[in-house]
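Engineer: Next up is a structure, given as structure tokens.
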Amino acid sequence: MTVVGLDDTDSRERGMCTTYAAAELADRIRDSGGRVERLLLVRLNPAVEHKTRGNGALAVHTDLDADRAMALVRDVLDLAQTDDPRTNPGAVVADCAPDAVPPQVAEFTRDAIRAIQDITTATLLADTVGFARCQHGNGRGLVGALAAVGAWAALEDWTYEHIAYREADRWGTERAVDAESVRAAADRHYPAVWDTVDRASGYPVSVPRTPCPILYGIRGDDPEACRAVADAIESEPIDRRVTFVTNQGTDVHLQDGTVGAVADDSAYRVTGTVATAPETREGGHVFLSIADREARLQCAAFEPTKRFRDRVRALREGDEITVCGEVTDGTLKLEKFAVRELVRTEPATPTCPDCGATMSSAGRNQGYRCRDCSTSADGKVDRPIERDLEPGWYEVPPVARRHIAKPLVRGGFDGATHPER
Ligand code: ATP
């Protein structure tokens with residue numbers, strides 16, 4: 001078996017996309033008599049600044065011998081838009097079965113999903129374990145290419161994306177996709193298929209707006225259901241279609257952290273107590289902070305997270321929550337949170353048991369009394385408060401979801417869930 005990893009073939013302005021390059025490579029492998037076992041779309045650390053969009057790297061698993069696979073992937077990298085200085089394609093070819101890559105390569109994959117890796121580390125590791133490589137520009141694509149090679153051994157949770165590509169002469173033009181047919185098909189196959197349409201806004205999140213060759217991508221847990229949704233969509237002609245196996249929608253980027261021990265450019269799951277109440281600032285971004293005994297951490301729900309901000313605004317000081325998201329400049333960007341315990345009462349001035357009027361202070365540290373009825377109380381009482389939240393997990397809507405973030409509807413969470421669709 002041979003594993004080919006490739007990355008960084010696309011450019012923000014010029015179109016192209018690495019999934020298309022991988023689909024092209026798979027076709028060329030088949031044309032050369034090889035069998036393609038699967039195509040992996042691996043989402044790496046979303047905090048990487050060099051990413052074009054979703055920081056995706058690709059791997060093709062095949063029985064074609066490694067030398068021939070290398071010759072083919074070299075040709076495919078030449079398709080890359082290398083006149084854009086930010087496009088630095090790389091490919092790694094491993095002469096082994098996908099689940100038999102050396103453990104340090106699988107470790108590298110996990111690190112590339114959760115932190116920042118440098119090009120030298122990737123290059124030295126590929127050379128040490130005897131994988132062939134080729135690259136253009138500064139070779140940054142080798143980081144993603146090597147991570148894609150290690151992914152099958154490194155990860156356990158997999159989902160699917162069925163991507164339909166446009167005919168080349170339409171790239172960069174407006175897409176002709178009938179939104180109603182997308183909505184109807186998405187409804188029929190939910191929740192085996194998710195994040196196809198943002199239901200509240202009606203926005204078809206499966207249809208990109210960038211100049212890339214993708215017409216639409218249908219994501220879900222069941223490849224047949226993804227395919228069935230695609231089959232039901234009315235659209236312009238489709239050039240080719242591919243089902244990728246992917247770590248999208250798995251939360252594999254999250255690591256367990258504590259309030260005082262989080263680093264920039266990584267994503268965490270952190271539990272704490274709401275220390276400063278949510279505050280909406282200019283631009284509609286909502287900020288709050290959580291704390292434990294030692295430290296505080298600022299968290300933010302930015303404007304694009306839309307109605308999720310109402311869930312965040314419903315939190316109060318003293319609530320115990322678990323927050324998930326990437327840390328940038330010391331602030332955790334909320335992707336989801338779990339309510340663990342809600343503050344249910346607040347201290348209030350007592351009312352008179354006889355006349356029902358609010359009592360007044362009887363003097364410093366002397367409790368309260370009702371002047372008319374001569375009744376008294378020792379101090380403030382607990383008054384129940386209405387809460388617009390329940391224990392359990394809340395998430396951003398599909399329109400604001402990161403590729404790698406796990407939709408609540410997939411299940412497996414440690415508490416009740418309140419899925420958005
Ligand atoms: P698309 O999703 O459209 O294919 P992209 O968002 O994947 O684009 P790329 O053009 O592939 O963006 O750019 C990401 C670059 O960052 C690649 O060169 C990749 O090798 C590199 N990279 C990926 N993960 C890491 C990481 N953890 N640390 C450092 N570099 C990384």
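Within each chain, counting starts at residue 1; across the structure tokens, chains are named A, B, ... in the order shown, with ligands numbered 1 upward in that order.
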List every residue of range 311-399 of chain A that DSSP, applied to the backbone, labels as strand (DSSP E or B), and write the result as a PyMOL selection string.
Structural biologist: chain A and resi 320-328+331-341+345-348+351+358+360-361+368-369+376-377+381-384+392-395
Engineer: Output the neighbourhood of ligand 1 as a PyMOL selection string, that is, all protein and nucleic acid residues with some atom at most 6 Å from the ligand, counting only C-alpha atoms and all ligand atoms.
Structural biologist: chain A and resi 7-8+10+17-18+44-45+48+50-57+112-113+115-118+140-144
Engineer: I need the chosen residues saved as an mmCIF file, in the first residue's frame, with N, CA and C atoms.
Structural biologist:
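Dumped everything to result14.cif:
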data_model
loop_
_atom_site.group_PDB
_atom_site.id
_atom_site.type_symbol
_atom_site.label_atom_id
_atom_site.label_comp_id
_atom_site.auth_asym_id
_atom_site.auth_seq_id
_atom_site.Cartn_x
_atom_site.Cartn_y
_atom_site.Cartn_z
ATOM 1 N N ASP A 7 -0.802 19.018 0.272
ATOM 2 C CA ASP A 7 -1.416 20.216 0.863
ATOM 3 C C ASP A 7 -0.906 21.478 0.186
ATOM 4 N N ASP A 8 -1.681 22.546 0.414
ATOM 5 C CA ASP A 8 -1.312 23.905 0.025
ATOM 6 C C ASP A 8 -1.194 24.070 -1.494
ATOM 7 N N ASP A 10 -3.763 25.572 -3.119
ATOM 8 C CA ASP A 10 -4.788 26.551 -3.504
ATOM 9 C C ASP A 10 -4.361 27.967 -3.190
ATOM 10 N N CYS A 17 -8.298 24.239 -5.188
ATOM 11 C CA CYS A 17 -8.487 23.797 -3.819
ATOM 12 C C CYS A 17 -7.879 22.415 -3.733
ATOM 13 N N THR A 18 -7.320 22.122 -2.557
ATOM 14 C CA THR A 18 -6.525 20.898 -2.444
ATOM 15 C C THR A 18 -7.402 19.652 -2.586
ATOM 16 N N LEU A 44 -6.731 20.410 9.845
ATOM 17 C CA LEU A 44 -5.666 20.613 10.828
ATOM 18 C C LEU A 44 -6.002 21.845 11.673
ATOM 19 N N ASN A 45 -5.057 22.265 12.498
ATOM 20 C CA ASN A 45 -5.315 23.347 13.452
ATOM 21 C C ASN A 45 -5.946 24.575 12.788
ATOM 22 N N VAL A 48 -4.069 28.149 12.363
ATOM 23 C CA VAL A 48 -2.883 28.403 11.530
ATOM 24 C C VAL A 48 -3.100 29.640 10.655
ATOM 25 N N HIS A 50 -1.493 30.721 8.057
ATOM 26 C CA HIS A 50 -1.244 30.606 6.615
ATOM 27 C C HIS A 50 -2.401 29.980 5.862
ATOM 28 N N LYS A 51 -3.423 29.528 6.573
ATOM 29 C CA LYS A 51 -4.477 28.786 5.876
ATOM 30 C C LYS A 51 -5.192 29.683 4.857
ATOM 31 N N THR A 52 -5.680 29.067 3.789
ATOM 32 C CA THR A 52 -6.461 29.822 2.820
ATOM 33 C C THR A 52 -7.878 29.954 3.357
ATOM 34 N N ARG A 53 -8.435 28.834 3.806
ATOM 35 C CA ARG A 53 -9.781 28.851 4.379
ATOM 36 C C ARG A 53 -9.869 27.900 5.568
ATOM 37 N N GLY A 54 -10.049 26.619 5.282
ATOM 38 C CA GLY A 54 -10.369 25.701 6.370
ATOM 39 C C GLY A 54 -9.220 24.838 6.858
ATOM 40 N N ASN A 55 -7.999 25.145 6.442
ATOM 41 C CA ASN A 55 -6.817 24.342 6.777
ATOM 42 C C ASN A 55 -7.058 22.842 6.586
ATOM 43 N N GLY A 56 -7.341 22.489 5.367
ATOM 44 C CA GLY A 56 -7.533 21.078 5.028
ATOM 45 C C GLY A 56 -6.300 20.516 4.321
ATOM 46 N N ALA A 57 -5.920 19.296 4.675
ATOM 47 C CA ALA A 57 -4.852 18.581 3.966
ATOM 48 C C ALA A 57 -5.471 17.271 3.473
ATOM 49 N N ALA A 112 -0.269 18.558 14.780
ATOM 50 C CA ALA A 112 -0.606 19.541 13.730
ATOM 51 C C ALA A 112 -2.074 19.949 13.815
ATOM 52 N N ILE A 113 -2.887 19.118 14.474
ATOM 53 C CA ILE A 113 -4.292 19.475 14.669
ATOM 54 C C ILE A 113 -4.446 20.403 15.880
ATOM 55 N N ALA A 115 -1.705 22.211 17.552
ATOM 56 C CA ALA A 115 -0.724 23.283 17.791
ATOM 57 C C ALA A 115 -0.114 23.694 16.468
ATOM 58 N N ILE A 116 0.916 24.554 16.518
ATOM 59 C CA ILE A 116 1.602 25.012 15.308
ATOM 60 C C ILE A 116 2.884 24.190 15.141
ATOM 61 N N GLN A 117 3.123 23.719 13.930
ATOM 62 C CA GLN A 117 4.324 22.912 13.649
ATOM 63 C C GLN A 117 5.199 23.659 12.642
ATOM 64 N N ASP A 118 6.528 23.454 12.701
ATOM 65 C CA ASP A 118 7.323 24.149 11.685
ATOM 66 C C ASP A 118 7.734 23.223 10.546
ATOM 67 N N ARG A 140 5.969 24.827 2.815
ATOM 68 C CA ARG A 140 5.068 24.770 3.978
ATOM 69 C C ARG A 140 4.033 23.658 3.846
ATOM 70 N N GLY A 141 3.655 23.345 2.627
ATOM 71 C CA GLY A 141 2.673 22.295 2.401
ATOM 72 C C GLY A 141 3.095 20.942 2.961
ATOM 73 N N LEU A 142 4.417 20.777 3.223
ATOM 74 C CA LEU A 142 4.876 19.490 3.783
ATOM 75 C C LEU A 142 4.285 19.239 5.157
ATOM 76 N N VAL A 143 4.008 20.312 5.912
ATOM 77 C CA VAL A 143 3.426 20.142 7.257
ATOM 78 C C VAL A 143 2.088 19.421 7.130
ATOM 79 N N GLY A 144 1.209 19.951 6.283
ATOM 80 C CA GLY A 144 -0.112 19.347 6.111
ATOM 81 C C GLY A 144 -0.016 17.993 5.418
#
Engineer: Range 88-152 of chain A: which residues are alpha helix (DSSP H) by DSSP, as a PDB file with N, CA and C atoms, in the first residue's frame?
Structural biologist:
ATOM      1  N   PRO A 103       4.687   5.473  14.600  1.00  0.00           N
ATOM      2  CA  PRO A 103       3.927   6.203  15.632  1.00  0.00           C
ATOM      3  C   PRO A 103       4.290   7.683  15.715  1.00  0.00           C
ATOM      4  N   GLN A 104       5.556   8.029  15.421  1.00  0.00           N
ATOM      5  CA  GLN A 104       5.915   9.463  15.536  1.00  0.00           C
ATOM      6  C   GLN A 104       5.230  10.303  14.453  1.00  0.00           C
ATOM      7  N   VAL A 105       4.828   9.657  13.348  1.00  0.00           N
ATOM      8  CA  VAL A 105       4.103  10.400  12.301  1.00  0.00           C
ATOM      9  C   VAL A 105       2.656  10.626  12.757  1.00  0.00           C
ATOM     10  N   ALA A 106       2.059   9.589  13.377  1.00  0.00           N
ATOM     11  CA  ALA A 106       0.702   9.753  13.921  1.00  0.00           C
ATOM     12  C   ALA A 106       0.694  10.834  15.003  1.00  0.00           C
ATOM     13  N   GLU A 107       1.748  10.848  15.790  1.00  0.00           N
ATOM     14  CA  GLU A 107       1.893  11.874  16.835  1.00  0.00           C
ATOM     15  C   GLU A 107       1.974  13.266  16.193  1.00  0.00           C
ATOM     16  N   PHE A 108       2.715  13.348  15.084  1.00  0.00           N
ATOM     17  CA  PHE A 108       2.846  14.621  14.366  1.00  0.00           C
ATOM     18  C   PHE A 108       1.470  15.098  13.883  1.00  0.00           C
ATOM     19  N   THR A 109       0.637  14.150  13.416  1.00  0.00           N
ATOM     20  CA  THR A 109      -0.709  14.522  12.965  1.00  0.00           C
ATOM     21  C   THR A 109      -1.494  15.150  14.113  1.00  0.00           C
ATOM     22  N   ARG A 110      -1.462  14.481  15.262  1.00  0.00           N
ATOM     23  CA  ARG A 110      -2.218  15.015  16.413  1.00  0.00           C
ATOM     24  C   ARG A 110      -1.699  16.402  16.799  1.00  0.00           C
ATOM     25  N   ASP A 111      -0.374  16.574  16.741  1.00  0.00           N
ATOM     26  CA  ASP A 111       0.209  17.883  17.081  1.00  0.00           C
ATOM     27  C   ASP A 111      -0.182  18.948  16.053  1.00  0.00           C
ATOM     28  N   ALA A 112      -0.269  18.558  14.780  1.00  0.00           N
ATOM     29  CA  ALA A 112      -0.606  19.541  13.730  1.00  0.00           C
ATOM     30  C   ALA A 112      -2.074  19.949  13.815  1.00  0.00           C
ATOM     31  N   ILE A 113      -2.887  19.118  14.474  1.00  0.00           N
ATOM     32  CA  ILE A 113      -4.292  19.475  14.669  1.00  0.00           C
ATOM     33  C   ILE A 113      -4.446  20.403  15.880  1.00  0.00           C
ATOM     34  N   ARG A 114      -3.543  20.243  16.838  1.00  0.00           N
ATOM     35  CA  ARG A 114      -3.738  20.956  18.104  1.00  0.00           C
ATOM     36  C   ARG A 114      -2.764  22.099  18.362  1.00  0.00           C
ATOM     37  N   ILE A 119       8.132  23.881   9.445  1.00  0.00           N
ATOM     38  CA  ILE A 119       8.429  23.153   8.206  1.00  0.00           C
ATOM     39  C   ILE A 119       9.630  22.219   8.416  1.00  0.00           C
ATOM     40  N   THR A 120      10.618  22.686   9.186  1.00  0.00           N
ATOM     41  CA  THR A 120      11.826  21.879   9.407  1.00  0.00           C
ATOM     42  C   THR A 120      11.492  20.576  10.133  1.00  0.00           C
ATOM     43  N   THR A 121      10.643  20.655  11.142  1.00  0.00           N
ATOM     44  CA  THR A 121      10.260  19.448  11.885  1.00  0.00           C
ATOM     45  C   THR A 121       9.609  18.444  10.938  1.00  0.00           C
ATOM     46  N   ALA A 122       8.708  18.939  10.081  1.00  0.00           N
ATOM     47  CA  ALA A 122       8.009  18.044   9.146  1.00  0.00           C
ATOM     48  C   ALA A 122       9.008  17.416   8.160  1.00  0.00           C
ATOM     49  N   THR A 123       9.918  18.232   7.638  1.00  0.00           N
ATOM     50  CA  THR A 123      10.884  17.750   6.651  1.00  0.00           C
ATOM     51  C   THR A 123      11.797  16.689   7.268  1.00  0.00           C
ATOM     52  N   LEU A 124      12.334  16.997   8.458  1.00  0.00           N
ATOM     53  CA  LEU A 124      13.253  16.050   9.115  1.00  0.00           C
ATOM     54  C   LEU A 124      12.546  14.749   9.454  1.00  0.00           C
ATOM     55  N   LEU A 125      11.295  14.849   9.924  1.00  0.00           N
ATOM     56  CA  LEU A 125      10.566  13.633  10.299  1.00  0.00           C
ATOM     57  C   LEU A 125      10.289  12.771   9.063  1.00  0.00           C
ATOM     58  N   ALA A 126       9.859  13.396   7.968  1.00  0.00           N
ATOM     59  CA  ALA A 126       9.605  12.638   6.731  1.00  0.00           C
ATOM     60  C   ALA A 126      10.893  11.927   6.289  1.00  0.00           C
ATOM     61  N   ASP A 127      12.021  12.635   6.364  1.00  0.00           N
ATOM     62  CA  ASP A 127      13.303  12.037   5.948  1.00  0.00           C
ATOM     63  C   ASP A 127      13.715  10.910   6.906  1.00  0.00           C
ATOM     64  N   THR A 128      13.528  11.129   8.201  1.00  0.00           N
ATOM     65  CA  THR A 128      13.933  10.131   9.201  1.00  0.00           C
ATOM     66  C   THR A 128      13.184   8.816   9.008  1.00  0.00           C
ATOM     67  N   GLY A 141       3.655  23.345   2.627  1.00  0.00           N
ATOM     68  CA  GLY A 141       2.673  22.295   2.401  1.00  0.00           C
ATOM     69  C   GLY A 141       3.095  20.942   2.961  1.00  0.00           C
ATOM     70  N   LEU A 142       4.417  20.777   3.223  1.00  0.00           N
ATOM     71  CA  LEU A 142       4.876  19.490   3.783  1.00  0.00           C
ATOM     72  C   LEU A 142       4.285  19.239   5.157  1.00  0.00           C
ATOM     73  N   VAL A 143       4.008  20.312   5.912  1.00  0.00           N
ATOM     74  CA  VAL A 143       3.426  20.142   7.257  1.00  0.00           C
ATOM     75  C   VAL A 143       2.088  19.421   7.130  1.00  0.00           C
ATOM     76  N   GLY A 144       1.209  19.951   6.283  1.00  0.00           N
ATOM     77  CA  GLY A 144      -0.112  19.347   6.111  1.00  0.00           C
ATOM     78  C   GLY A 144      -0.016  17.993   5.418  1.00  0.00           C
ATOM     79  N   ALA A 145       0.889  17.882   4.444  1.00  0.00           N
ATOM     80  CA  ALA A 145       1.013  16.628   3.694  1.00  0.00           C
ATOM     81  C   ALA A 145       1.415  15.481   4.630  1.00  0.00           C
ATOM     82  N   LEU A 146       2.396  15.736   5.510  1.00  0.00           N
ATOM     83  CA  LEU A 146       2.838  14.684   6.433  1.00  0.00           C
ATOM     84  C   LEU A 146       1.727  14.381   7.454  1.00  0.00           C
ATOM     85  N   ALA A 147       1.057  15.433   7.913  1.00  0.00           N
ATOM     86  CA  ALA A 147      -0.046  15.227   8.876  1.00  0.00           C
ATOM     87  C   ALA A 147      -1.154  14.387   8.239  1.00  0.00           C
ATOM     88  N   ALA A 148      -1.413  14.611   6.955  1.00  0.00           N
ATOM     89  CA  ALA A 148      -2.457  13.828   6.267  1.00  0.00           C
ATOM     90  C   ALA A 148      -2.043  12.364   6.150  1.00  0.00           C
ATOM     91  N   VAL A 149      -0.747  12.119   5.946  1.00  0.00           N
ATOM     92  CA  VAL A 149      -0.250  10.736   5.854  1.00  0.00           C
ATOM     93  C   VAL A 149      -0.460   9.995   7.179  1.00  0.00           C
ATOM     94  N   GLY A 150      -0.269  10.706   8.307  1.00  0.00           N
ATOM     95  CA  GLY A 150      -0.389  10.051   9.615  1.00  0.00           C
ATOM     96  C   GLY A 150      -1.813   9.943  10.138  1.00  0.00           C
ATOM     97  N   ALA A 151      -2.775  10.566   9.431  1.00  0.00           N
ATOM     98  CA  ALA A 151      -4.117  10.735  10.007  1.00  0.00           C
ATOM     99  C   ALA A 151      -4.857   9.418  10.265  1.00  0.00           C
ATOM    100  N   TRP A 152      -4.734   8.457   9.353  1.00  0.00           N
ATOM    101  CA  TRP A 152      -5.519   7.217   9.500  1.00  0.00           C
ATOM    102  C   TRP A 152      -5.096   6.468  10.758  1.00  0.00           C
TER     103      TRP A 152
END
Engineer: Taking only C-alpha atoms into account, name the residue in A:Val312, A:Ile290, A:Met1, A:Val101 that is nearest to Phe337 in chain A.
Structural biologist: A:Val312
Engineer: If we count only C-alpha atoms, what is near Ala164 in chain A at a cut-off of 7 Å, once residues fewer than 5 positions away on the same chain are taken out, given as a ChimeraX atom specification?
Structural biologist: /A:214-217,238,240-242
Engineer: Compile the contact shell of Ala47 in chain A as a PyMOL selection string: residues with an atom at most 8 Å away, counting only C-alpha atoms, same-chain residues fewer than 3 positions apart removed.
Structural biologist: chain A and resi 265-266+326+328
Engineer: One decimal, in Å: what's the spacing between CA of Asp388 in chain A and CA of Gly284 in chain A?
Structural biologist: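 These atoms are spaced 20.0 Å apart.
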Engineer: Neighbours of Ala300 in chain A within 10 Å (only C-alpha atoms; same-chain residues fewer than 3 positions away dropped), as a short mmCIF file (atom, residue, chain, number, x, y, z; two decimals) with N, CA and C atoms, in the first residue's frame?
Structural biologist:
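Output file part-v2.cif follows:
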data_model
loop_
_atom_site.label_atom_id
_atom_site.label_comp_id
_atom_site.auth_asym_id
_atom_site.auth_seq_id
_atom_site.Cartn_x
_atom_site.Cartn_y
_atom_site.Cartn_z
N PRO A 278 -21.86 38.51 30.94
CA PRO A 278 -21.72 38.79 29.52
C PRO A 278 -22.00 40.25 29.20
N GLU A 279 -21.16 40.79 28.31
CA GLU A 279 -21.30 42.20 27.93
C GLU A 279 -21.23 42.29 26.41
N THR A 280 -22.22 42.96 25.79
CA THR A 280 -22.19 43.12 24.34
C THR A 280 -21.43 44.38 24.00
N HIS A 285 -20.25 41.88 19.37
CA HIS A 285 -19.51 40.76 19.96
C HIS A 285 -19.80 40.69 21.46
N VAL A 286 -19.95 39.48 21.98
CA VAL A 286 -20.31 39.32 23.41
C VAL A 286 -19.11 38.75 24.16
N PHE A 287 -18.74 39.41 25.24
CA PHE A 287 -17.58 38.99 26.04
C PHE A 287 -18.01 38.63 27.46
N LEU A 288 -17.36 37.62 28.03
CA LEU A 288 -17.52 37.34 29.45
C LEU A 288 -16.21 36.74 29.92
N SER A 289 -16.05 36.57 31.23
CA SER A 289 -14.85 35.84 31.65
C SER A 289 -15.25 34.74 32.61
N GLU A 303 -19.81 38.32 16.52
CA GLU A 303 -21.06 38.63 15.82
C GLU A 303 -21.49 37.53 14.86
N ARG A 309 -25.20 34.00 20.42
CA ARG A 309 -24.88 35.06 21.38
C ARG A 309 -26.00 35.25 22.41
N VAL A 312 -25.28 32.89 25.14
CA VAL A 312 -24.17 33.39 25.96
C VAL A 312 -24.65 34.54 26.85
N GLY A 325 -13.21 26.19 22.56
CA GLY A 325 -12.85 27.08 21.46
C GLY A 325 -11.36 27.33 21.41
N VAL A 327 -7.96 29.61 21.38
CA VAL A 327 -7.47 30.79 22.10
C VAL A 327 -6.58 31.62 21.17
N THR A 331 -7.78 35.26 24.35
CA THR A 331 -9.25 35.17 24.43
C THR A 331 -9.74 33.89 23.78
N LEU A 332 -10.61 33.17 24.46
CA LEU A 332 -11.16 31.93 23.89
C LEU A 332 -12.39 32.26 23.06
N LYS A 333 -12.34 31.87 21.77
CA LYS A 333 -13.45 32.15 20.86
C LYS A 333 -14.44 30.99 20.96
N LEU A 334 -15.60 31.28 21.52
CA LEU A 334 -16.54 30.21 21.86
C LEU A 334 -17.09 29.49 20.63
N GLU A 335 -16.98 28.17 20.63
CA GLU A 335 -17.62 27.32 19.61
C GLU A 335 -18.83 26.62 20.21
#
Engineer: Taking 4 positions as the minimum chain separation for residues in the same chain, which residues sit within 7 Å of Tyr268 in chain A when counting only C-alpha atoms? Answer as a list in words.
Structural biologist: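 The neighbour list is Leu254, Gln255, Asp256, Gly257, Cys324, Gly325 and Glu326 of chain A.
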Engineer: One decimal, Å: what's the distance from CA of Pro407 in chain A over to CA of Val274 in chain A, could you say?
Structural biologist: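 Atom-to-atom, CA of Pro407 in chain A and CA of Val274 in chain A are spaced 23.8 Å apart.
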Engineer: At what distance in Å, to one decimal, does CA of Leu58 in chain A lie from CA of Val92 in chain A?
Structural biologist: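 Taking CA of Val92 in chain A and CA of Leu58 in chain A, their separation equals 10.5 Å.
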Engineer: With only C-alpha atoms as the atoms that count, which of A:Asp222, A:Asp372, A:Asp67, A:Glu161 lies nearest to Pro353 in chain A?
Structural biologist: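 For Pro353 in chain A, the nearest of the candidates is A:Asp372.
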Engineer: From the options A:Asp78, A:Val399, A:Ala153, A:Gln135, which residue's atoms come nearest to Ala97 in chain A, counting only C-alpha atoms?
Structural biologist: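 Answer, going by the shortest atom-to-atom distance: A:Ala153.
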Engineer: Residues at most 9 Å from Val36 in chain A, counting only C-alpha atoms, excluding those fewer than 4 positions away in the same chain, as an MDAnalysis selection string?
Structural biologist: chainID A and resid 26:27 29:30 60:64
Engineer: Using all heavy atoms, can you export the residues from the last selection as a PDB file, in the first residue's frame?
Structural biologist:
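Saved result, out-v4.pdb, follows:
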ATOM      1  N   ALA A  26      -6.340  11.059  -7.654  1.00  0.00           N
ATOM      2  CA  ALA A  26      -7.024   9.761  -7.593  1.00  0.00           C
ATOM      3  C   ALA A  26      -7.385   9.287  -9.000  1.00  0.00           C
ATOM      4  O   ALA A  26      -7.203   8.101  -9.337  1.00  0.00           O
ATOM      5  CB  ALA A  26      -8.269   9.867  -6.715  1.00  0.00           C
ATOM      6  N   ASP A  27      -7.865  10.192  -9.837  1.00  0.00           N
ATOM      7  CA  ASP A  27      -8.209   9.823 -11.220  1.00  0.00           C
ATOM      8  C   ASP A  27      -6.972   9.356 -11.988  1.00  0.00           C
ATOM      9  O   ASP A  27      -7.014   8.372 -12.728  1.00  0.00           O
ATOM     10  CB  ASP A  27      -8.833  11.021 -11.954  1.00  0.00           C
ATOM     11  CG  ASP A  27     -10.319  11.142 -11.646  1.00  0.00           C
ATOM     12  OD1 ASP A  27     -10.858  10.235 -10.960  1.00  0.00           O
ATOM     13  OD2 ASP A  27     -10.932  12.136 -12.074  1.00  0.00           O
ATOM     14  N   ILE A  29      -4.281   8.081 -10.737  1.00  0.00           N
ATOM     15  CA  ILE A  29      -3.866   6.774 -10.192  1.00  0.00           C
ATOM     16  C   ILE A  29      -4.698   5.661 -10.848  1.00  0.00           C
ATOM     17  O   ILE A  29      -4.164   4.640 -11.294  1.00  0.00           O
ATOM     18  CB  ILE A  29      -4.022   6.752  -8.649  1.00  0.00           C
ATOM     19  CG1 ILE A  29      -2.929   7.617  -8.003  1.00  0.00           C
ATOM     20  CG2 ILE A  29      -3.972   5.323  -8.102  1.00  0.00           C
ATOM     21  CD1 ILE A  29      -3.066   7.807  -6.493  1.00  0.00           C
ATOM     22  N   ARG A  30      -6.009   5.891 -10.932  1.00  0.00           N
ATOM     23  CA  ARG A  30      -6.886   4.878 -11.562  1.00  0.00           C
ATOM     24  C   ARG A  30      -6.505   4.692 -13.024  1.00  0.00           C
ATOM     25  O   ARG A  30      -6.438   3.569 -13.519  1.00  0.00           O
ATOM     26  CB  ARG A  30      -8.347   5.288 -11.438  1.00  0.00           C
ATOM     27  CG  ARG A  30      -8.863   5.182 -10.007  1.00  0.00           C
ATOM     28  CD  ARG A  30     -10.376   5.429  -9.953  1.00  0.00           C
ATOM     29  NE  ARG A  30     -10.792   5.735  -8.597  1.00  0.00           N
ATOM     30  CZ  ARG A  30     -11.011   6.952  -8.115  1.00  0.00           C
ATOM     31  NH1 ARG A  30     -10.884   8.022  -8.892  1.00  0.00           N
ATOM     32  NH2 ARG A  30     -11.367   7.120  -6.854  1.00  0.00           N
ATOM     33  N   VAL A  60      -4.383  10.293  -0.147  1.00  0.00           N
ATOM     34  CA  VAL A  60      -4.959   9.286  -1.034  1.00  0.00           C
ATOM     35  C   VAL A  60      -4.331   7.937  -0.652  1.00  0.00           C
ATOM     36  O   VAL A  60      -3.103   7.829  -0.584  1.00  0.00           O
ATOM     37  CB  VAL A  60      -4.670   9.616  -2.517  1.00  0.00           C
ATOM     38  CG1 VAL A  60      -5.280   8.556  -3.431  1.00  0.00           C
ATOM     39  CG2 VAL A  60      -5.199  11.010  -2.880  1.00  0.00           C
ATOM     40  N   HIS A  61      -5.164   6.938  -0.362  1.00  0.00           N
ATOM     41  CA  HIS A  61      -4.699   5.594  -0.008  1.00  0.00           C
ATOM     42  C   HIS A  61      -4.855   4.713  -1.250  1.00  0.00           C
ATOM     43  O   HIS A  61      -5.967   4.566  -1.775  1.00  0.00           O
ATOM     44  CB  HIS A  61      -5.533   5.018   1.141  1.00  0.00           C
ATOM     45  CG  HIS A  61      -5.428   5.817   2.404  1.00  0.00           C
ATOM     46  ND1 HIS A  61      -6.218   5.587   3.500  1.00  0.00           N
ATOM     47  CD2 HIS A  61      -4.611   6.849   2.743  1.00  0.00           C
ATOM     48  CE1 HIS A  61      -5.895   6.440   4.463  1.00  0.00           C
ATOM     49  NE2 HIS A  61      -4.936   7.211   4.019  1.00  0.00           N
ATOM     50  N   THR A  62      -3.755   4.112  -1.704  1.00  0.00           N
ATOM     51  CA  THR A  62      -3.799   3.382  -2.976  1.00  0.00           C
ATOM     52  C   THR A  62      -2.865   2.163  -2.965  1.00  0.00           C
ATOM     53  O   THR A  62      -1.955   2.092  -2.137  1.00  0.00           O
ATOM     54  CB  THR A  62      -3.390   4.320  -4.148  1.00  0.00           C
ATOM     55  OG1 THR A  62      -3.300   3.566  -5.346  1.00  0.00           O
ATOM     56  CG2 THR A  62      -2.046   4.989  -3.889  1.00  0.00           C
ATOM     57  N   ASP A  63      -3.105   1.254  -3.923  1.00  0.00           N
ATOM     58  CA  ASP A  63      -2.188   0.119  -4.042  1.00  0.00           C
ATOM     59  C   ASP A  63      -1.124   0.358  -5.126  1.00  0.00           C
ATOM     60  O   ASP A  63      -0.317  -0.515  -5.410  1.00  0.00           O
ATOM     61  CB  ASP A  63      -2.962  -1.191  -4.317  1.00  0.00           C
ATOM     62  CG  ASP A  63      -3.705  -1.154  -5.649  1.00  0.00           C
ATOM     63  OD1 ASP A  63      -3.656  -0.117  -6.348  1.00  0.00           O
ATOM     64  OD2 ASP A  63      -4.353  -2.172  -5.990  1.00  0.00           O
ATOM     65  N   LEU A  64      -1.142   1.540  -5.737  1.00  0.00           N
ATOM     66  CA  LEU A  64      -0.111   1.852  -6.744  1.00  0.00           C
ATOM     67  C   LEU A  64       1.243   1.952  -6.030  1.00  0.00           C
ATOM     68  O   LEU A  64       1.300   2.455  -4.915  1.00  0.00           O
ATOM     69  CB  LEU A  64      -0.440   3.187  -7.414  1.00  0.00           C
ATOM     70  CG  LEU A  64       0.287   3.470  -8.729  1.00  0.00           C
ATOM     71  CD1 LEU A  64      -0.270   2.583  -9.851  1.00  0.00           C
ATOM     72  CD2 LEU A  64       0.151   4.953  -9.109  1.00  0.00           C
TER      73      LEU A  64
END
Engineer: Nearest residue to Arg74 in chain A out of A:Ala22, A:Ala200, A:Leu39, A:Ala232, using only C-alpha atoms?
Structural biologist: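 The closest residue to Arg74 in chain A is A:Ala22.
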